[in-house]
$ cat coords33.txt   # compact mmCIF, C-alpha atoms
# COMPACT_ATOMS: atom_id res chain seq x y z
CA MET Z 1 1.70 27.31 3.37
CA ASN Z 2 5.35 28.16 2.88
CA VAL Z 3 7.17 25.14 1.47
CA ARG Z 4 10.85 25.00 0.58
CA VAL Z 5 13.28 22.40 -0.69
CA GLY Z 6 15.11 20.64 2.11
CA GLN Z 7 12.34 21.30 4.61
CA GLU Z 8 11.69 18.41 6.95
CA ILE Z 9 8.02 17.76 7.65
CA PRO Z 10 6.85 16.89 11.20
CA GLU Z 11 7.54 13.22 11.92
CA LEU Z 12 4.87 10.70 12.87
CA VAL Z 13 5.78 7.88 15.24
CA LYS Z 14 3.48 4.87 15.24
CA HIS Z 15 3.38 2.08 17.83
CA PRO Z 16 1.89 -0.89 15.96
CA THR Z 17 0.68 -3.86 17.99
CA THR Z 18 -0.40 -7.36 16.94
CA ARG Z 19 -3.92 -6.24 17.86
CA GLN Z 20 -3.63 -3.41 15.34
CA LEU Z 21 -2.49 -5.88 12.67
CA VAL Z 22 -5.62 -7.95 13.29
CA GLN Z 23 -7.73 -4.78 13.17
CA TYR Z 24 -6.05 -3.77 9.91
CA ALA Z 25 -6.42 -7.28 8.42
CA GLY Z 26 -10.17 -6.98 9.01
CA ALA Z 27 -10.48 -3.42 7.73
CA GLN Z 28 -8.49 -4.10 4.55
CA GLY Z 29 -9.71 -7.65 4.07
CA ASP Z 30 -6.15 -9.05 3.87
CA PHE Z 31 -6.11 -12.20 5.98
CA TYR Z 32 -2.67 -13.48 5.00
CA GLU Z 33 -1.54 -15.36 8.13
CA ILE Z 34 1.96 -13.80 8.32
CA HIS Z 35 0.28 -10.73 9.85
CA TYR Z 36 -1.33 -12.40 12.90
CA ASP Z 37 -0.32 -16.09 13.22
CA GLN Z 38 3.13 -16.38 14.85
CA ALA Z 39 3.55 -20.10 14.07
CA TYR Z 40 2.60 -19.58 10.43
CA ALA Z 41 4.92 -16.59 10.07
CA LYS Z 42 7.82 -18.62 11.46
CA SER Z 43 6.98 -21.56 9.15
CA VAL Z 44 7.65 -19.34 6.12
CA GLY Z 45 10.97 -18.11 7.49
CA LEU Z 46 9.92 -14.88 9.16
CA PRO Z 47 11.01 -13.96 12.70
CA GLY Z 48 7.35 -13.60 13.70
CA VAL Z 49 4.29 -11.71 12.49
CA ILE Z 50 5.07 -8.63 10.42
CA LEU Z 51 3.32 -5.39 9.52
CA HIS Z 52 1.30 -5.28 6.28
CA GLY Z 53 3.20 -3.26 3.68
CA LEU Z 54 -0.02 -1.37 3.01
CA LEU Z 55 -0.34 -0.51 6.71
CA LYS Z 56 3.10 1.13 6.49
CA ALA Z 57 1.90 2.90 3.33
CA ALA Z 58 -1.13 4.12 5.28
CA PHE Z 59 1.19 5.49 8.00
CA LEU Z 60 3.20 7.38 5.38
CA GLY Z 61 -0.04 8.63 3.82
CA GLN Z 62 -1.03 10.00 7.24
CA LEU Z 63 2.40 11.62 7.59
CA VAL Z 64 1.73 13.63 4.42
CA THR Z 65 -1.99 14.38 4.93
CA ASP Z 66 -1.33 15.48 8.56
CA TRP Z 67 1.32 17.88 7.29
CA LEU Z 68 -0.87 19.20 4.45
CA GLY Z 69 -3.99 19.72 6.57
CA ASP Z 70 -6.31 21.94 4.52
CA ASP Z 71 -3.42 23.48 2.59
CA GLY Z 72 -3.18 20.95 -0.22
CA THR Z 73 -3.99 17.54 -1.63
CA LEU Z 74 -2.04 14.38 -2.25
CA GLU Z 75 -1.69 13.74 -5.99
CA ALA Z 76 0.55 10.68 -6.07
CA PHE Z 77 2.23 8.47 -3.58
CA GLU Z 78 4.70 5.64 -4.17
CA VAL Z 79 6.31 3.31 -1.63
CA SER Z 80 8.78 0.43 -1.79
CA TYR Z 81 8.96 -2.05 1.06
CA ARG Z 82 12.63 -2.75 1.69
CA GLY Z 83 12.48 -4.59 4.98
CA ILE Z 84 10.12 -6.23 7.41
CA ASP Z 85 8.78 -4.60 10.57
CA GLN Z 86 7.40 -6.35 13.62
CA PRO Z 87 4.70 -5.15 16.04
CA GLY Z 88 5.77 -3.98 19.48
CA ARG Z 89 8.43 -1.71 18.01
CA PRO Z 90 8.05 1.95 17.17
CA TYR Z 91 7.78 2.85 13.51
CA ARG Z 92 9.00 6.34 12.70
CA CYS Z 93 7.65 8.07 9.58
CA ARG Z 94 9.60 11.00 8.18
CA GLY Z 95 9.76 13.15 5.09
CA THR Z 96 11.58 16.00 3.41
CA VAL Z 97 10.61 18.31 0.56
CA THR Z 98 12.79 17.56 -2.48
CA ARG Z 99 11.27 19.81 -5.14
CA VAL Z 100 8.93 22.77 -5.35
CA ASP Z 101 7.48 23.81 -8.70
CA GLY Z 102 4.80 26.46 -8.36
CA LYS Z 103 1.89 24.89 -6.50
CA ARG Z 104 3.31 21.39 -6.78
CA ALA Z 105 5.82 19.89 -4.37
CA GLU Z 106 7.57 16.55 -4.19
CA LEU Z 107 8.67 14.84 -1.02
CA GLU Z 108 10.86 11.96 -0.12
CA VAL Z 109 9.09 9.94 2.58
CA TRP Z 110 10.27 6.96 4.54
CA GLY Z 111 9.57 4.76 7.53
CA GLU Z 112 12.38 3.68 9.78
CA ASP Z 113 12.70 1.02 12.44
CA GLU Z 114 14.21 1.42 15.91
CA SER Z 115 17.76 1.15 14.54
CA GLY Z 116 17.12 3.92 12.02
CA LYS Z 117 17.01 1.51 9.07
CA ARG Z 118 14.68 2.75 6.32
CA THR Z 119 12.40 -0.26 5.83
CA THR Z 120 9.95 1.65 3.61
CA VAL Z 121 11.02 4.34 1.17
CA GLY Z 122 8.93 6.41 -1.17
CA THR Z 123 7.89 9.67 -2.72
CA ALA Z 124 4.80 11.82 -2.54
CA THR Z 125 3.58 14.52 -4.92
CA VAL Z 126 1.30 17.17 -3.45
CA ARG Z 127 -0.60 20.13 -4.84
CA LEU Z 128 -0.68 23.13 -2.56
CA SER Z 129 -3.85 25.21 -2.48
CA MET N 1 8.28 -28.97 -3.61
CA SER N 2 8.22 -25.89 -5.79
CA ILE N 3 7.89 -26.30 -9.51
CA ASN N 4 10.19 -24.56 -11.96
CA ILE N 5 9.89 -20.78 -11.81
CA ILE N 6 10.15 -20.56 -15.63
CA ASP N 7 7.00 -22.70 -16.04
CA VAL N 8 5.11 -20.51 -13.56
CA ILE N 9 6.24 -17.35 -15.32
CA ASP N 10 5.23 -18.73 -18.73
CA ARG N 11 1.79 -19.54 -17.37
CA LEU N 12 1.38 -16.14 -15.70
CA LYS N 13 2.61 -14.28 -18.79
CA THR N 14 -0.51 -15.40 -20.66
CA ARG N 15 -2.50 -13.27 -18.17
CA ILE N 16 -0.68 -10.02 -18.91
CA GLY N 17 -3.14 -7.34 -19.97
CA VAL N 18 -6.19 -9.53 -19.37
CA GLU N 19 -8.64 -7.63 -17.20
CA GLY N 20 -10.25 -9.47 -14.31
CA PRO N 21 -13.96 -9.11 -13.50
CA PRO N 22 -14.74 -5.54 -12.37
CA GLN N 23 -15.50 -5.13 -8.67
CA THR N 24 -17.99 -2.47 -7.58
CA ALA N 25 -18.45 -1.35 -3.99
CA THR N 26 -19.98 1.54 -2.10
CA VAL N 27 -17.66 3.58 0.12
CA GLU N 28 -19.46 3.01 3.43
CA ALA N 29 -19.07 5.34 6.41
CA GLY N 30 -18.64 2.43 8.84
CA HIS N 31 -15.98 0.79 6.70
CA VAL N 32 -14.02 4.03 6.34
CA ARG N 33 -14.29 4.60 10.11
CA ARG N 34 -13.00 1.09 10.88
CA PHE N 35 -10.20 1.53 8.35
CA ALA N 36 -9.16 4.91 9.82
CA GLU N 37 -9.24 3.38 13.32
CA ALA N 38 -7.16 0.42 12.15
CA ILE N 39 -4.44 2.64 10.71
CA GLY N 40 -4.68 4.91 13.76
CA ASP N 41 -5.47 8.07 11.81
CA PRO N 42 -7.95 10.33 13.67
CA ASN N 43 -8.09 13.04 10.98
CA PRO N 44 -11.69 14.40 10.98
CA ARG N 45 -11.48 14.62 7.19
CA TRP N 46 -12.05 10.84 7.07
CA LYS N 47 -15.61 11.38 8.33
CA SER N 48 -16.52 12.40 4.78
CA GLN N 49 -13.61 11.30 2.60
CA ALA N 50 -11.68 8.04 2.23
CA PRO N 51 -8.04 8.11 3.44
CA PRO N 52 -5.39 7.71 0.69
CA THR N 53 -4.84 3.96 0.93
CA PHE N 54 -8.49 3.03 1.60
CA LEU N 55 -9.00 1.97 -2.02
CA VAL N 56 -7.17 -1.30 -1.35
CA ALA N 57 -9.87 -2.17 1.18
CA LEU N 58 -12.65 -1.51 -1.31
CA ALA N 59 -11.64 -4.12 -3.85
CA SER N 60 -8.95 -6.74 -3.91
CA ALA N 61 -5.83 -5.05 -5.25
CA SER N 62 -4.40 -8.18 -6.85
CA MET N 63 -5.66 -11.02 -9.02
CA HIS N 64 -4.82 -14.33 -10.69
CA LEU N 65 -2.50 -15.30 -7.87
CA ASP N 66 -3.32 -19.00 -7.52
CA ASP N 67 -1.01 -20.06 -10.35
CA ALA N 68 1.85 -18.14 -8.78
CA GLU N 69 1.49 -20.13 -5.56
CA ASP N 70 2.94 -23.17 -7.34
CA PHE N 71 6.26 -21.38 -6.84
CA GLY N 72 7.89 -20.55 -3.51
CA LYS N 73 6.48 -20.53 -0.02
CA GLY N 74 5.24 -17.05 0.67
CA TRP N 75 4.14 -13.64 -0.58
CA LEU N 76 5.72 -10.28 0.06
CA ASN N 77 4.43 -6.89 -0.99
CA GLY N 78 7.22 -5.14 -2.93
CA GLY N 79 5.63 -1.74 -3.29
CA ASN N 80 2.60 0.32 -4.22
CA ARG N 81 2.01 3.41 -6.28
CA PHE N 82 -1.19 5.43 -5.86
CA GLU N 83 -2.22 8.21 -8.19
CA TYR N 84 -5.20 10.36 -7.19
CA LEU N 85 -7.27 12.21 -9.77
CA ALA N 86 -10.35 13.04 -7.68
CA PRO N 87 -11.30 12.58 -4.03
CA VAL N 88 -13.16 9.41 -3.01
CA MET N 89 -16.07 10.43 -0.78
CA ILE N 90 -18.26 8.39 1.56
CA GLY N 91 -21.32 7.27 -0.39
CA ASP N 92 -19.45 7.01 -3.70
CA GLN N 93 -19.85 3.86 -5.70
CA VAL N 94 -16.45 2.83 -7.01
CA THR N 95 -15.66 0.23 -9.65
CA ALA N 96 -12.17 -1.28 -9.70
CA ARG N 97 -10.73 -2.91 -12.81
CA SER N 98 -7.41 -4.77 -12.52
CA HIS N 99 -4.98 -6.50 -14.77
CA VAL N 100 -1.54 -8.06 -14.54
CA ALA N 101 0.89 -5.61 -16.15
CA ASP N 102 4.10 -7.64 -15.97
CA VAL N 103 5.64 -10.84 -14.65
CA TYR N 104 9.35 -11.47 -14.22
CA ASP N 105 11.91 -13.15 -12.00
CA LYS N 106 14.98 -11.84 -10.24
CA ALA N 107 17.73 -13.60 -8.33
CA GLY N 108 17.50 -12.71 -4.63
CA SER N 109 20.06 -13.28 -1.87
CA SER N 110 18.20 -16.43 -0.76
CA GLY N 111 16.93 -17.73 -4.11
CA ASP N 112 14.75 -16.75 -7.04
CA LEU N 113 11.99 -14.21 -6.59
CA LEU N 114 8.88 -14.00 -8.76
CA PHE N 115 7.53 -10.49 -9.37
CA ILE N 116 3.97 -9.78 -10.48
CA ILE N 117 2.97 -6.21 -11.29
CA PHE N 118 -0.73 -5.38 -10.97
CA GLU N 119 -2.52 -2.28 -12.13
CA THR N 120 -5.97 -1.20 -11.00
CA GLU N 121 -8.12 1.71 -12.10
CA TYR N 122 -10.89 3.07 -9.89
CA VAL N 123 -13.88 4.84 -11.44
CA ASN N 124 -16.74 6.45 -9.48
CA GLN N 125 -20.50 6.43 -10.12
CA ARG N 126 -20.16 9.46 -12.42
CA GLY N 127 -17.67 7.63 -14.61
CA GLU N 128 -14.75 9.73 -13.33
CA LEU N 129 -11.38 8.03 -13.01
CA VAL N 130 -10.58 8.74 -9.34
CA ALA N 131 -7.37 6.77 -8.82
CA ARG N 132 -4.84 4.36 -10.23
CA LEU N 133 -2.90 1.81 -8.23
CA ARG N 134 0.17 -0.14 -9.23
CA GLY N 135 1.33 -2.94 -6.96
CA THR N 136 4.30 -5.30 -6.93
CA ALA N 137 3.56 -8.73 -5.45
CA ILE N 138 6.62 -10.88 -4.80
CA ARG N 139 6.55 -14.66 -4.49
CA ARG N 140 9.61 -16.08 -2.73

$ encode --input "coords33.txt" --output "structure tokens"
Amino acid sequence: MNVRVGQEIPELVKHPTTRQLVQYAGAQGDFYEIHYDQAYAKSVGLPGVILHGLLKAAFLGQLVTDWLGDDGTLEAFEVSYRGIDQPGRPYRCRGTVTRVDGKRAELEVWGEDESGKRTTVGTATVRLS
Amino acid sequence: MSINIIDVIDRLKTRIGVEGPPQTATVEAGHVRRFAEAIGDPNPRWKSQAPPTFLVALASASMHLDDAEDFGKGWLNGGNRFEYLAPVMIGDQVTARSHVADVYDKAGSSGDLLFIIFETEYVNQRGELVARLRGTAIRR
């Protein structure tokens, strides 16, 4: 695979629903009510139920592993959750290559909401085969 | 009524570096399938291997949180860092060992925030370190 600095990787747009949050809560075993109980979420000052940070991390993981295919492996992956995201709104995952050093490449990855605000930002280190 | 953040931090600081009980679990095909479905990732690779963030579903990624709940009204996840040293395959038996790495407070725009940094190491049935996870839990 030919990888160069500045290259944008193919974006991944997710359409999370409250149903998906329930599904994810069960699969991860995180039953914190802010992810499926509207009244509870509002009682702690949120606008409604919000996506699990780790679900957004999973989306960004998919962004990178989809791009890599069989051409490399993910070595490290770091994300910071900067803002909340609600179901029913598209979540756009994007990334660019920031460094290439032999077989190793680093990427900036992020997830943005409908307004283009980067609510999750991070980096990924991959090893190309 | 929340108690003083300083008291909570002092109490949590005594936990820094203290490892919680190890958690061992088998990476089950059905669990990986349900996890991949839940994140909406149809990659056929996940029929034999665990997707990158699956480790958090295998064992609780945080610990000793009850004391922290004396402060504030809710939790937020601040961030996660995964480091992968070997693939996690279906059928593997993985043991997770976690500890609190740091505890501190920060002034936020709507009040004090309590930060707890967790670190977890995942070792497979052959004794190989397969991954490390660092997580930032925020109490607000």

$ interface_residues --input "coords33.txt" --of "chain Z" --to "chain N" --cutoff "7 Å" --atoms "all atoms listed in the file" --output "mmCIF file with C-alpha atoms, in the coordinates of the input"
data_model
loop_
_atom_site.group_PDB
_atom_site.id
_atom_site.type_symbol
_atom_site.label_atom_id
_atom_site.label_comp_id
_atom_site.auth_asym_id
_atom_site.auth_seq_id
_atom_site.Cartn_x
_atom_site.Cartn_y
_atom_site.Cartn_z
ATOM 1 C CA GLN Z 20 -3.630 -3.410 15.340
ATOM 2 C CA GLN Z 23 -7.730 -4.780 13.170
ATOM 3 C CA TYR Z 24 -6.050 -3.770 9.910
ATOM 4 C CA ALA Z 27 -10.480 -3.420 7.730
ATOM 5 C CA GLN Z 28 -8.490 -4.100 4.550
ATOM 6 C CA GLY Z 29 -9.710 -7.650 4.070
ATOM 7 C CA VAL Z 44 7.650 -19.340 6.120
ATOM 8 C CA GLY Z 53 3.200 -3.260 3.680
ATOM 9 C CA LEU Z 55 -0.340 -0.510 6.710
ATOM 10 C CA ALA Z 58 -1.130 4.120 5.280
ATOM 11 C CA PHE Z 59 1.190 5.490 8.000
ATOM 12 C CA GLY Z 61 -0.040 8.630 3.820
ATOM 13 C CA GLN Z 62 -1.030 10.000 7.240
ATOM 14 C CA GLU Z 75 -1.690 13.740 -5.990
ATOM 15 C CA ALA Z 76 0.550 10.680 -6.070
ATOM 16 C CA PHE Z 77 2.230 8.470 -3.580
ATOM 17 C CA GLU Z 78 4.700 5.640 -4.170
ATOM 18 C CA VAL Z 79 6.310 3.310 -1.630
ATOM 19 C CA SER Z 80 8.780 0.430 -1.790
ATOM 20 C CA TYR Z 81 8.960 -2.050 1.060
#

$ atom_distance --input "coords33.txt" --atom1 "atom CA of Z:Leu74" --atom2 "atom CA of Z:Glu112"
21.6 Å

$ atom_distance --input "coords33.txt" --atom1 "atom CA of Z:Arg99" --atom2 "atom CA of Z:Asp70"
20.2 Å

$ residues_around --input "coords33.txt" --residues "N:Thr26" --least-positions-apart "3" --cutoff "8 Å" --atoms "all atoms listed in the file" --output "PyMOL selection string"
chain N and resi 58+90-94

$ atom_distance --input "coords33.txt" --atom1 "atom CA of Z:Ile84" --atom2 "atom CA of Z:Ala124"
21.3 Å

$ closest_residue --input "coords33.txt" --among "Z:Gly69, Z:Pro10, Z:Pro87, Z:Gly45" --to "Z:Val22" --atoms "all atoms listed in the file"
Z:Pro87

$ closest_residue --input "coords33.txt" --among "N:Ala68, N:Ala107, N:Ala137, N:Val130" --to "N:Leu12" --atoms "all atoms listed in the file"
N:Ala68

$ residues_near_point --input "coords33.txt" --point "(-4.8, -13.6, 9.3)" --cutoff "9 Å" --atoms "all atoms listed in the file" --output "CSV table (one decimal) with C-alpha atoms, in the coordinates of the input"
chain,number,residue,atom,x,y,z
Z,21,LEU,CA,-2.5,-5.9,12.7
Z,22,VAL,CA,-5.6,-8.0,13.3
Z,25,ALA,CA,-6.4,-7.3,8.4
Z,26,GLY,CA,-10.2,-7.0,9.0
Z,30,ASP,CA,-6.2,-9.0,3.9
Z,31,PHE,CA,-6.1,-12.2,6.0
Z,32,TYR,CA,-2.7,-13.5,5.0
Z,33,GLU,CA,-1.5,-15.4,8.1
Z,34,ILE,CA,2.0,-13.8,8.3
Z,35,HIS,CA,0.3,-10.7,9.8
Z,36,TYR,CA,-1.3,-12.4,12.9
Z,37,ASP,CA,-0.3,-16.1,13.2

$ residues_near_point --input "coords33.txt" --point "(2.1, 15.1, 5.2)" --cutoff "10 Å" --atoms "all atoms listed in the file" --output "PDB file with C-alpha atoms, in the frame of the given file"
ATOM      1  CA  ILE Z   9       8.020  17.760   7.650  1.00  0.00           C
ATOM      2  CA  PRO Z  10       6.850  16.890  11.200  1.00  0.00           C
ATOM      3  CA  GLU Z  11       7.540  13.220  11.920  1.00  0.00           C
ATOM      4  CA  LEU Z  12       4.870  10.700  12.870  1.00  0.00           C
ATOM      5  CA  LEU Z  60       3.200   7.380   5.380  1.00  0.00           C
ATOM      6  CA  GLY Z  61      -0.040   8.630   3.820  1.00  0.00           C
ATOM      7  CA  GLN Z  62      -1.030  10.000   7.240  1.00  0.00           C
ATOM      8  CA  LEU Z  63       2.400  11.620   7.590  1.00  0.00           C
ATOM      9  CA  VAL Z  64       1.730  13.630   4.420  1.00  0.00           C
ATOM     10  CA  THR Z  65      -1.990  14.380   4.930  1.00  0.00           C
ATOM     11  CA  ASP Z  66      -1.330  15.480   8.560  1.00  0.00           C
ATOM     12  CA  TRP Z  67       1.320  17.880   7.290  1.00  0.00           C
ATOM     13  CA  LEU Z  68      -0.870  19.200   4.450  1.00  0.00           C
ATOM     14  CA  GLY Z  69      -3.990  19.720   6.570  1.00  0.00           C
ATOM     15  CA  GLY Z  72      -3.180  20.950  -0.220  1.00  0.00           C
ATOM     16  CA  THR Z  73      -3.990  17.540  -1.630  1.00  0.00           C
ATOM     17  CA  LEU Z  74      -2.040  14.380  -2.250  1.00  0.00           C
ATOM     18  CA  CYS Z  93       7.650   8.070   9.580  1.00  0.00           C
ATOM     19  CA  ARG Z  94       9.600  11.000   8.180  1.00  0.00           C
ATOM     20  CA  GLY Z  95       9.760  13.150   5.090  1.00  0.00           C
ATOM     21  CA  THR Z  96      11.580  16.000   3.410  1.00  0.00           C
ATOM     22  CA  LEU Z 107       8.670  14.840  -1.020  1.00  0.00           C
ATOM     23  CA  VAL Z 109       9.090   9.940   2.580  1.00  0.00           C
ATOM     24  CA  ALA Z 124       4.800  11.820  -2.540  1.00  0.00           C
ATOM     25  CA  VAL Z 126       1.300  17.170  -3.450  1.00  0.00           C
TER      26      VAL Z 126
END
